[in-house]
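Peer 1: File coords06.txt follows (compact mmCIF, C-alpha atoms):
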```txt
# COMPACT_ATOMS: atom_id res chain seq x y z
CA MET A 1 187.33 85.65 -92.11
CA SER A 2 185.62 82.41 -91.15
CA GLU A 3 183.10 82.72 -94.03
CA LYS A 4 182.86 79.72 -96.34
CA ILE A 5 185.59 79.41 -98.96
CA LEU A 6 183.97 79.57 -102.36
CA ASN A 7 184.73 76.92 -104.95
CA ASP A 8 183.09 78.66 -107.89
CA LYS A 9 185.31 80.22 -110.51
CA LEU A 10 186.28 83.70 -109.32
CA LEU A 11 188.57 84.71 -112.17
CA SER A 12 188.08 85.24 -115.88
CA ASN A 13 189.83 82.85 -118.25
CA LYS A 14 192.71 85.20 -119.01
CA LYS A 15 193.32 88.86 -118.33
CA PRO A 16 194.44 90.75 -121.45
CA THR A 17 197.58 92.86 -121.44
CA PHE A 18 196.79 96.56 -121.38
CA PRO A 19 199.35 98.85 -123.07
CA ILE A 20 201.06 101.65 -121.18
CA GLY A 21 199.50 104.91 -122.39
CA SER A 22 201.19 108.28 -122.78
CA SER A 23 200.03 109.67 -119.40
CA LEU A 24 201.26 106.62 -117.46
CA SER A 25 204.49 106.69 -119.48
CA ASP A 26 204.99 110.34 -118.46
CA TYR A 27 204.32 109.38 -114.84
CA VAL A 28 206.97 106.64 -114.75
CA LYS A 29 209.50 109.02 -116.30
CA ARG A 30 208.69 111.73 -113.75
CA TYR A 31 209.39 109.36 -110.88
CA ASN A 32 212.50 107.72 -112.36
CA ARG A 33 210.76 104.46 -113.18
CA SER A 34 211.85 104.45 -116.84
CA THR A 35 215.08 103.35 -118.48
CA SER A 36 216.59 103.49 -121.96
CA ILE A 37 218.62 100.28 -121.71
CA PRO A 38 218.08 98.57 -125.09
CA VAL A 39 217.23 95.03 -124.06
CA SER A 40 213.61 93.96 -124.20
CA TYR A 41 211.41 91.00 -123.32
CA ASP A 42 211.29 90.13 -127.02
CA ASP A 43 215.12 90.14 -127.17
CA LEU A 44 215.22 87.50 -124.43
CA LEU A 45 212.75 85.34 -126.35
CA ARG A 46 215.41 84.76 -129.02
CA PHE A 47 217.11 81.98 -127.06
CA ALA A 48 218.78 79.26 -129.09
CA GLY A 49 217.92 76.45 -126.68
CA CYS A 50 216.90 75.61 -123.13
CA ILE A 51 216.96 72.89 -120.47
CA THR A 52 214.52 72.13 -117.63
CA VAL A 53 215.34 73.57 -114.20
CA TYR A 54 214.77 71.11 -111.33
CA ASP A 55 214.53 71.91 -107.62
CA LYS A 56 216.56 70.28 -104.84
CA ASN A 57 214.09 67.36 -104.81
CA ASP A 58 214.57 66.78 -108.56
CA GLU A 59 211.06 68.03 -109.34
CA ASP A 60 210.29 70.15 -112.42
CA THR A 61 210.05 73.83 -111.40
CA LEU A 62 208.26 74.80 -114.65
CA TRP A 63 211.20 77.09 -115.41
CA VAL A 64 213.68 76.44 -118.22
CA ARG A 65 217.26 77.76 -118.44
CA CYS A 66 217.87 79.61 -121.69
CA TYR A 67 220.97 79.63 -123.87
CA TYR A 68 221.80 82.22 -126.51
CA SER A 69 224.12 82.43 -129.49
CA ASP A 70 227.52 83.99 -128.75
CA SER A 71 226.65 87.25 -130.52
CA ASP A 72 223.31 87.63 -128.73
CA ARG A 73 224.75 86.60 -125.37
CA GLU A 74 227.38 89.35 -125.33
CA HIS A 75 224.77 92.04 -126.05
CA ILE A 76 222.21 90.61 -123.62
CA ASP A 77 224.68 90.08 -120.74
CA ARG A 78 226.04 93.62 -120.98
CA HIS A 79 222.60 95.24 -120.92
CA LEU A 80 221.18 92.96 -118.23
CA LYS A 81 224.08 93.91 -115.92
CA LYS A 82 223.49 97.57 -116.69
CA MET A 83 219.77 97.13 -115.98
CA TYR A 84 220.53 95.52 -112.62
CA ASP A 85 222.88 98.37 -111.73
CA ILE A 86 220.22 100.98 -112.47
CA LEU A 87 217.61 99.01 -110.51
CA HIS A 88 219.77 98.64 -107.40
CA SER A 89 222.47 101.31 -107.60
CA ASP A 90 223.35 104.59 -109.33
CA GLY A 91 223.63 103.20 -112.85
CA ARG A 92 227.33 103.96 -113.28
CA ASP A 93 229.52 101.46 -115.11
CA GLN A 94 232.25 100.98 -112.48
CA THR A 95 230.63 97.93 -110.90
CA LEU A 96 229.73 96.08 -114.10
CA ASP A 97 233.09 94.28 -114.27
CA TYR A 98 232.26 92.61 -110.96
CA LEU A 99 228.88 91.33 -112.07
CA SER A 100 228.09 88.09 -113.88
CA VAL A 101 224.82 86.97 -115.48
CA ASP A 102 224.75 83.40 -114.16
CA ALA A 103 221.38 82.36 -115.56
CA VAL A 104 218.46 83.51 -117.67
CA ASP A 105 215.42 81.38 -116.82
CA TYR A 106 212.04 81.43 -118.57
CA CYS A 107 208.79 80.48 -116.82
CA THR A 108 206.51 78.20 -118.83
CA PHE A 109 203.64 78.41 -116.31
CA GLY A 110 200.85 81.01 -116.13
CA ASN A 111 199.92 84.05 -118.18
CA THR A 112 202.92 86.30 -117.54
CA LYS A 113 205.75 83.99 -118.67
CA PRO A 114 208.53 86.10 -117.12
CA PHE A 115 212.27 85.81 -117.43
CA ARG A 116 214.22 85.46 -114.17
CA ILE A 117 217.75 86.84 -114.27
CA LYS A 118 220.36 85.61 -111.78
CA ILE A 119 223.09 88.20 -111.16
CA ARG A 120 226.22 87.22 -109.20
CA ASN A 121 228.90 89.43 -107.68
CA ILE A 122 232.12 87.65 -108.65
CA LEU A 123 234.05 89.23 -105.74
CA ASN A 124 232.08 87.46 -103.03
CA ASP A 125 229.77 85.02 -104.89
CA GLY A 126 226.68 86.78 -103.52
CA PHE A 127 223.75 86.70 -105.94
CA THR A 128 220.26 88.07 -106.44
CA TYR A 129 217.52 88.02 -109.06
CA PHE A 130 215.35 90.34 -111.05
CA TYR A 131 212.57 89.73 -113.58
CA VAL A 132 211.91 90.86 -117.13
CA LYS A 133 208.26 90.80 -118.23
CA LYS A 134 205.93 92.16 -120.87
CA ALA A 135 204.87 95.62 -119.76
CA ASP A 136 201.22 95.77 -118.69
CA ALA A 137 199.48 98.93 -117.42
CA SER A 138 197.65 96.88 -114.76
CA ARG A 139 200.94 95.62 -113.37
CA VAL A 140 202.54 99.07 -113.38
CA TYR A 141 199.58 100.51 -111.45
CA GLY A 142 199.75 97.56 -109.07
CA LEU A 143 203.47 97.98 -108.43
CA GLU A 144 203.18 101.72 -107.90
CA LEU A 145 200.24 101.35 -105.52
CA GLU A 146 202.21 98.71 -103.61
CA HIS A 147 205.05 101.21 -103.29
CA LEU A 148 202.76 103.99 -102.06
CA LEU A 149 200.25 102.18 -99.84
CA SER A 150 201.84 98.99 -98.49
CA PRO A 151 204.51 98.65 -95.75
CA HIS A 152 207.00 97.69 -98.49
CA ARG A 153 208.88 99.79 -101.04
CA ILE A 154 209.50 98.23 -104.44
CA ASN A 155 211.81 98.94 -107.39
CA PHE A 156 210.83 98.52 -111.02
CA LEU A 157 211.72 100.01 -114.42
CA VAL A 158 209.85 100.40 -117.70
CA TYR A 159 211.51 100.27 -121.12
CA LYS A 160 208.99 100.64 -123.97
CA ASP A 161 206.87 97.47 -123.74
CA THR A 162 209.19 95.76 -121.24
CA LEU A 163 208.92 95.76 -117.43
CA ILE A 164 211.85 95.06 -115.09
CA GLU A 165 211.00 94.11 -111.50
CA GLU A 166 213.21 93.49 -108.51
CA HIS A 167 213.00 90.10 -106.80
CA ILE A 168 210.88 89.97 -103.63
CA ALA A 169 212.55 87.51 -101.29
CA GLY A 170 210.44 85.15 -99.22
CA ILE A 171 208.89 81.69 -99.07
CA PRO A 172 206.12 81.25 -101.67
CA GLY A 173 202.78 80.99 -99.85
CA ASP A 174 201.92 77.54 -101.22
CA GLU A 175 205.34 76.19 -100.21
CA PHE A 176 205.06 77.77 -96.75
CA ILE A 177 201.63 76.21 -96.20
CA ALA A 178 202.80 72.78 -97.38
CA ASN A 179 206.25 72.60 -95.74
CA TYR A 180 206.62 75.12 -92.92
CA MET A 181 203.30 75.95 -91.30
CA GLU A 182 202.96 72.66 -89.46
CA GLY A 183 206.26 73.28 -87.69
CA CYS A 184 205.22 76.67 -86.27
CA ASP A 185 204.35 76.98 -82.58
CA HIS A 186 201.14 78.61 -81.32
CA GLN A 187 202.69 82.05 -80.93
CA GLU A 188 204.01 81.95 -84.50
CA LEU A 189 200.69 80.69 -85.88
CA THR A 190 198.88 83.52 -84.10
CA GLN A 191 201.24 86.05 -85.62
CA ILE A 192 200.80 84.51 -89.09
CA ALA A 193 197.02 84.72 -88.61
CA LYS A 194 197.29 88.40 -87.72
CA GLU A 195 199.41 89.09 -90.81
CA PHE A 196 197.00 87.24 -93.08
CA VAL A 197 194.07 89.31 -91.77
CA LYS A 198 196.01 92.52 -92.45
CA PHE A 199 197.15 91.29 -95.86
CA ASN A 200 193.56 90.34 -96.74
CA GLU A 201 192.34 93.81 -95.76
CA ARG A 202 195.14 95.56 -97.65
CA CYS A 203 194.35 93.69 -100.88
CA LEU A 204 190.65 94.53 -100.55
CA ILE A 205 191.20 98.24 -99.91
CA ARG A 206 193.61 98.75 -102.80
CA LEU A 207 191.76 96.32 -105.11
CA LEU A 208 194.63 93.93 -105.77
CA GLY A 209 193.14 90.66 -106.99
CA ASP A 210 194.11 87.00 -107.36
CA MET A 211 196.18 86.58 -104.22
CA ARG A 212 196.18 82.80 -104.33
CA SER A 213 198.93 81.21 -102.24
CA TYR A 214 201.51 81.18 -105.05
CA ASN A 215 201.07 84.92 -105.71
CA TYR A 216 202.41 86.06 -102.33
CA VAL A 217 205.38 85.20 -100.12
CA VAL A 218 205.73 84.69 -96.38
CA ILE A 219 208.82 86.43 -95.00
CA PRO A 220 210.24 85.15 -91.69
CA THR A 221 212.42 87.54 -89.69
CA HIS A 222 214.46 86.20 -86.80
CA ASP A 223 214.33 88.35 -83.69
CA PHE A 224 216.41 87.61 -80.59
CA ASP A 225 213.67 85.56 -78.92
CA ARG A 226 211.21 84.72 -81.71
CA VAL A 227 210.51 84.55 -85.42
CA SER A 228 208.12 87.15 -86.81
CA TYR A 229 206.37 86.93 -90.19
CA ALA A 230 205.18 89.26 -92.92
CA ILE A 231 203.05 88.47 -95.97
CA ARG A 232 203.81 90.30 -99.19
CA ALA A 233 202.27 90.22 -102.67
CA ILE A 234 204.58 89.30 -105.56
CA ASP A 235 202.20 89.42 -108.53
CA PHE A 236 200.42 92.63 -109.50
CA ASP A 237 198.78 92.07 -112.88
CA GLN A 238 195.29 91.69 -111.34
CA GLN A 239 195.13 95.30 -110.17
CA SER A 240 191.55 96.60 -110.47
CA TYR A 241 190.53 94.30 -113.33
CA GLU A 242 187.90 91.79 -112.17
CA GLY A 243 184.29 92.65 -111.35
CA LYS A 244 183.72 90.28 -108.41
CA LEU A 245 184.63 91.84 -105.08
CA LYS A 246 185.63 88.41 -103.68
CA VAL A 247 188.56 88.31 -106.13
CA TYR A 248 190.15 91.08 -104.06
CA ARG A 249 189.82 89.13 -100.79
CA PRO A 250 192.45 86.36 -100.45
CA GLN A 251 190.26 84.59 -97.88
CA PHE A 252 187.93 83.36 -100.66
CA PHE A 253 190.51 81.36 -102.62
CA LYS A 254 190.59 77.65 -101.80
CA GLU A 255 194.40 77.73 -102.08
CA ASN A 256 194.39 79.87 -98.90
CA LEU A 257 192.12 77.54 -96.90
CA SER A 258 194.91 76.64 -94.43
CA MET A 259 195.54 80.32 -93.75
CA VAL A 260 191.83 80.99 -93.22
CA MET A 261 191.46 78.01 -90.86
CA ASN A 262 194.50 79.20 -88.92
CA VAL A 263 192.86 82.61 -88.46
CA ALA A 264 189.68 80.93 -87.20
CA GLU A 265 191.66 78.81 -84.71
CA CYS A 266 194.00 81.53 -83.41
CA LEU A 267 192.01 84.78 -83.39
CA LYS A 268 188.76 85.94 -81.86
CA GLU A 269 186.38 88.07 -83.93
CA GLU A 270 187.26 91.13 -81.82
CA SER A 271 190.95 90.70 -82.66
CA ILE A 272 190.21 90.27 -86.37
CA GLU A 273 188.22 93.52 -86.41
CA GLN A 274 190.99 95.32 -84.54
CA TYR A 275 193.66 94.18 -87.03
CA LYS A 276 191.44 95.24 -89.95
CA LYS A 277 191.01 98.66 -88.35
CA GLU A 278 194.78 98.95 -87.81
CA GLU A 279 195.45 98.19 -91.49
CA ARG A 280 192.84 100.69 -92.69
CA SER A 281 194.39 103.36 -90.48
CA LEU A 282 197.91 102.64 -91.77
CA ILE A 283 196.75 102.83 -95.40
CA ALA A 284 194.94 106.10 -94.68
CA LYS A 285 198.12 107.56 -93.19
CA ARG A 286 200.23 106.45 -96.16
CA LEU A 287 197.63 107.90 -98.50
CA ILE A 288 197.78 111.26 -96.72
CA ASN A 289 201.59 111.25 -96.73
CA THR A 290 201.84 110.50 -100.47
CA GLN A 291 198.97 112.70 -101.70
CA LYS A 292 200.82 114.55 -104.48
CA ARG A 293 202.21 111.40 -106.09
CA TYR A 294 199.01 109.44 -105.50
CA LYS A 295 196.85 112.14 -107.14
CA GLN A 296 199.07 112.10 -110.23
CA LEU A 297 198.86 108.30 -110.42
CA ILE A 298 195.09 108.11 -109.91
CA LYS A 299 194.57 110.82 -112.56
CA CYS A 300 196.33 108.53 -115.06
CA MET A 301 194.34 105.54 -113.85
CA LYS A 302 190.97 107.30 -114.12
CA ALA A 303 191.63 108.11 -117.77
CA ASP A 304 193.04 104.66 -118.59
CA TYR A 305 191.31 101.57 -119.95
CA ILE A 306 192.31 98.70 -117.64
CA SER A 307 189.15 96.59 -117.47
CA THR A 308 185.89 95.95 -119.34
CA PRO A 309 182.65 97.97 -118.94
CA LEU A 310 180.86 94.89 -117.60
CA LYS A 311 183.46 94.21 -114.88
CA PHE A 312 183.64 97.90 -113.96
CA LYS A 313 179.86 98.09 -113.50
CA GLN A 314 179.78 94.90 -111.45
CA LEU A 315 182.58 96.00 -109.11
CA LYS A 316 181.19 99.46 -108.41
CA LYS A 317 177.77 97.89 -107.71
CA GLU A 318 179.27 95.33 -105.30
CA LEU A 319 181.38 97.98 -103.55
CA HIS A 320 178.32 100.18 -103.13
CA GLY A 321 176.52 97.25 -101.54
CA PHE A 322 179.53 96.40 -99.36
CA THR A 323 180.23 99.92 -98.06
CA GLY A 324 176.91 101.73 -98.48
CA ASP A 325 178.81 104.65 -100.04
CA VAL A 326 176.67 106.17 -102.83
CA ALA A 327 179.80 107.80 -104.32
CA PHE A 328 180.53 104.49 -106.09
CA LYS A 329 177.43 104.99 -108.26
CA SER A 330 178.90 108.05 -109.98
CA THR A 331 182.34 106.56 -110.79
CA ARG A 332 183.17 106.33 -114.49
CA SER A 333 186.23 104.06 -114.61
CA MET A 334 188.15 101.46 -112.62
CA GLY A 335 190.53 104.21 -111.55
CA GLY A 336 187.53 106.11 -110.22
CA VAL A 337 186.34 103.02 -108.32
CA LEU A 338 189.74 102.64 -106.63
CA ASN A 339 189.89 106.36 -105.82
CA THR A 340 186.43 106.21 -104.25
CA ALA A 341 187.40 103.14 -102.20
CA LEU A 342 190.53 104.85 -100.88
CA ASP A 343 188.63 108.09 -100.21
CA PHE A 344 186.14 106.05 -98.19
CA VAL A 345 188.95 104.63 -96.05
CA LYS A 346 190.62 108.02 -95.62
CA ARG A 347 187.34 109.76 -94.76
CA ASN A 348 186.44 107.19 -92.12
CA TYR A 349 189.94 107.46 -90.64
CA HIS A 350 189.51 111.25 -90.35
CA ASP A 351 186.02 110.89 -88.87
CA VAL A 352 187.33 108.58 -86.14
CA ASN A 353 190.35 110.72 -85.31
CA HIS A 354 188.78 114.19 -85.32
```
Mind converting the file's structure to structure tokens?
Peer 2:
Amino acid sequence: MSEKILNDKLLSNKKPTFPIGSSLSDYVKRYNRSTSIPVSYDDLLRFAGCITVYDKNDEDTLWVRCYYSDSDREHIDRHLKKMYDILHSDGRDQTLDYLSVDAVDYCTFGNTKPFRIKIRNILNDGFTYFYVKKADASRVYGLELEHLLSPHRINFLVYKDTLIEEHIAGIPGDEFIANYMEGCDHQELTQIAKEFVKFNERCLIRLLGDMRSYNYVVIPTHDFDRVSYAIRAIDFDQQSYEGKLKVYRPQFFKENLSMVMNVAECLKEESIEQYKKEERSLIAKRLINTQKRYKQLIKCMKADYISTPLKFKQLKKELHGFTGDVAFKSTRSMGGVLNTALDFVKRNYHDVNH
């Protein structure tokens, strides 16, 4: 973890969007991840105007608030409320009268350019968000693997070429580093260091790339005598795409330098290795407990085109060098590379415990 942070360019210029194929489409239907609500990402692009959204310090958030014509707004509001109800409830219409679409915001930053929908319960003024994005096979695989292999469950829906994701609450990593980390005491910093080590290991094992500080959140939980922290990914479109192994290790992004330095200051090497081992064991257990669903997902992924031949060859070569497992040499797709990586973790877990 204390290795030098690399400043060379780890990521390609722009990852293409990979369409959702028939096998992955069948998978999302089988596990109730699909919806037939007729509002799409392209529908939301038809806004008539927009204004800049500023934060509490009057700084540009790089989001704009969208406005629609009266005829479009009625259609969009009704279906967005229905979409929210399916995402978070049983999809019946009884609650829709108590919901209000307070805002439709569009992000002008980055590749994804999502819409953020603010839904308010008019009975108590409580509100939450969800996101509407262009469907991308990489992101669907990333979300589903997060659901199966991480400590966190996640809800999402697919409608044709549109993806609907629930909001993951937390403090964006870059904001936490800039505004909160300095105020943490030693015990809290040690716990944050532990969580970053485990998060780093989890991303590596499941090949989730590009976890720069603005692509994950830090989640504080107040206990009776302390504050505990968790770190959770919020962006999944770099699932098993890049060829460089370092892309899948958050420790190598300069945006995470403060987190890496905190690990070096708070944890001994023995502790770091122990936390890595704990995370590998937890992933192995989750993998064993979700075998049927995982096998169906990885079968889709093995047959899918979600990277380039050059990146695939580079990653399997680097993983072979990193693990010494010759099984990587015979893999034929990115899905096969991920399956081999997870088999390696599961096999070593079994070897230690039997």
Peer 1: For A:Thr162, please output as a ChimeraX atom specification all residues within 8 Å (counting all atoms listed in the file; exclusion window: fewer than 3 positions along the same chain).
Peer 2: /A:40-41,132-135,158-159
Peer 1: Between A:Arg139, A:Arg78, A:Lys9, A:Arg280, single out the one closest to A:Lys244, counting only C-alpha atoms.
Peer 2: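 For A:Lys244, the nearest of the given residues is A:Lys9.
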Peer 1: With a distance cut-off of 8 Å and only C-alpha atoms, select the neighbouring residues of A:Lys311, excluding the residue or stretch itself and same-chain residues fewer than 2 positions from it, and output the selection as an MDAnalysis selection string.
Peer 2: chainID A and resid 241:244 307:309 313:315
Peer 1: Quick one: residues within 12 Å of A:Glu273, all atoms listed in the file, excluding same-chain residues fewer than 4 positions away - as an MDAnalysis selection string?
Peer 2: chainID A and resid 1 194 197:198 201 267:269 277:280
Peer 1: With C-alpha atoms retained, write the just-selected residues as a PDB file, keeping the file's coordinate frame.
Peer 2:
```pdb
ATOM      1  CA  MET A   1     187.330  85.650 -92.110  1.00  0.00           C
ATOM      2  CA  LYS A 194     197.290  88.400 -87.720  1.00  0.00           C
ATOM      3  CA  VAL A 197     194.070  89.310 -91.770  1.00  0.00           C
ATOM      4  CA  LYS A 198     196.010  92.520 -92.450  1.00  0.00           C
ATOM      5  CA  GLU A 201     192.340  93.810 -95.760  1.00  0.00           C
ATOM      6  CA  LEU A 267     192.010  84.780 -83.390  1.00  0.00           C
ATOM      7  CA  LYS A 268     188.760  85.940 -81.860  1.00  0.00           C
ATOM      8  CA  GLU A 269     186.380  88.070 -83.930  1.00  0.00           C
ATOM      9  CA  LYS A 277     191.010  98.660 -88.350  1.00  0.00           C
ATOM     10  CA  GLU A 278     194.780  98.950 -87.810  1.00  0.00           C
ATOM     11  CA  GLU A 279     195.450  98.190 -91.490  1.00  0.00           C
ATOM     12  CA  ARG A 280     192.840 100.690 -92.690  1.00  0.00           C
TER      13      ARG A 280
END
```
Peer 1: Considering only C-alpha atoms, state which residue in the set A:Ser22, A:Pro250, A:Gln187, A:Asn124 is at the smallest distance from A:Ala303.
Peer 2: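 The shortest atom-to-atom distance to A:Ala303 comes from A:Ser22.
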Peer 1: Taking only C-alpha atoms into account, name the residue in A:Gln274, A:Tyr98, A:Asn262, A:Gln239 that is nearest to A:Gln191.
Peer 2: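 Nearest candidate to A:Gln191 out of A:Gln274, A:Tyr98, A:Asn262, A:Gln239: A:Asn262.
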Peer 1: Counting all atoms listed in the file, which residues have an atom no more than 10 Å from (193.5, 79.5, -90.9) in the file's coordinates? Please list them as a VMD selection string.
Peer 2: chain A and resid 1 to 2 189 to 190 192 to 193 196 to 197 251 256 to 267
Peer 1: Pick from A:Ser138, A:Ala178, A:Asp161, A:Lys81: nearest to A:Leu208, with all atoms listed in the file counted?
Peer 2: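 Looking only at the distances to A:Leu208, the closest residue turns out to be A:Ser138.
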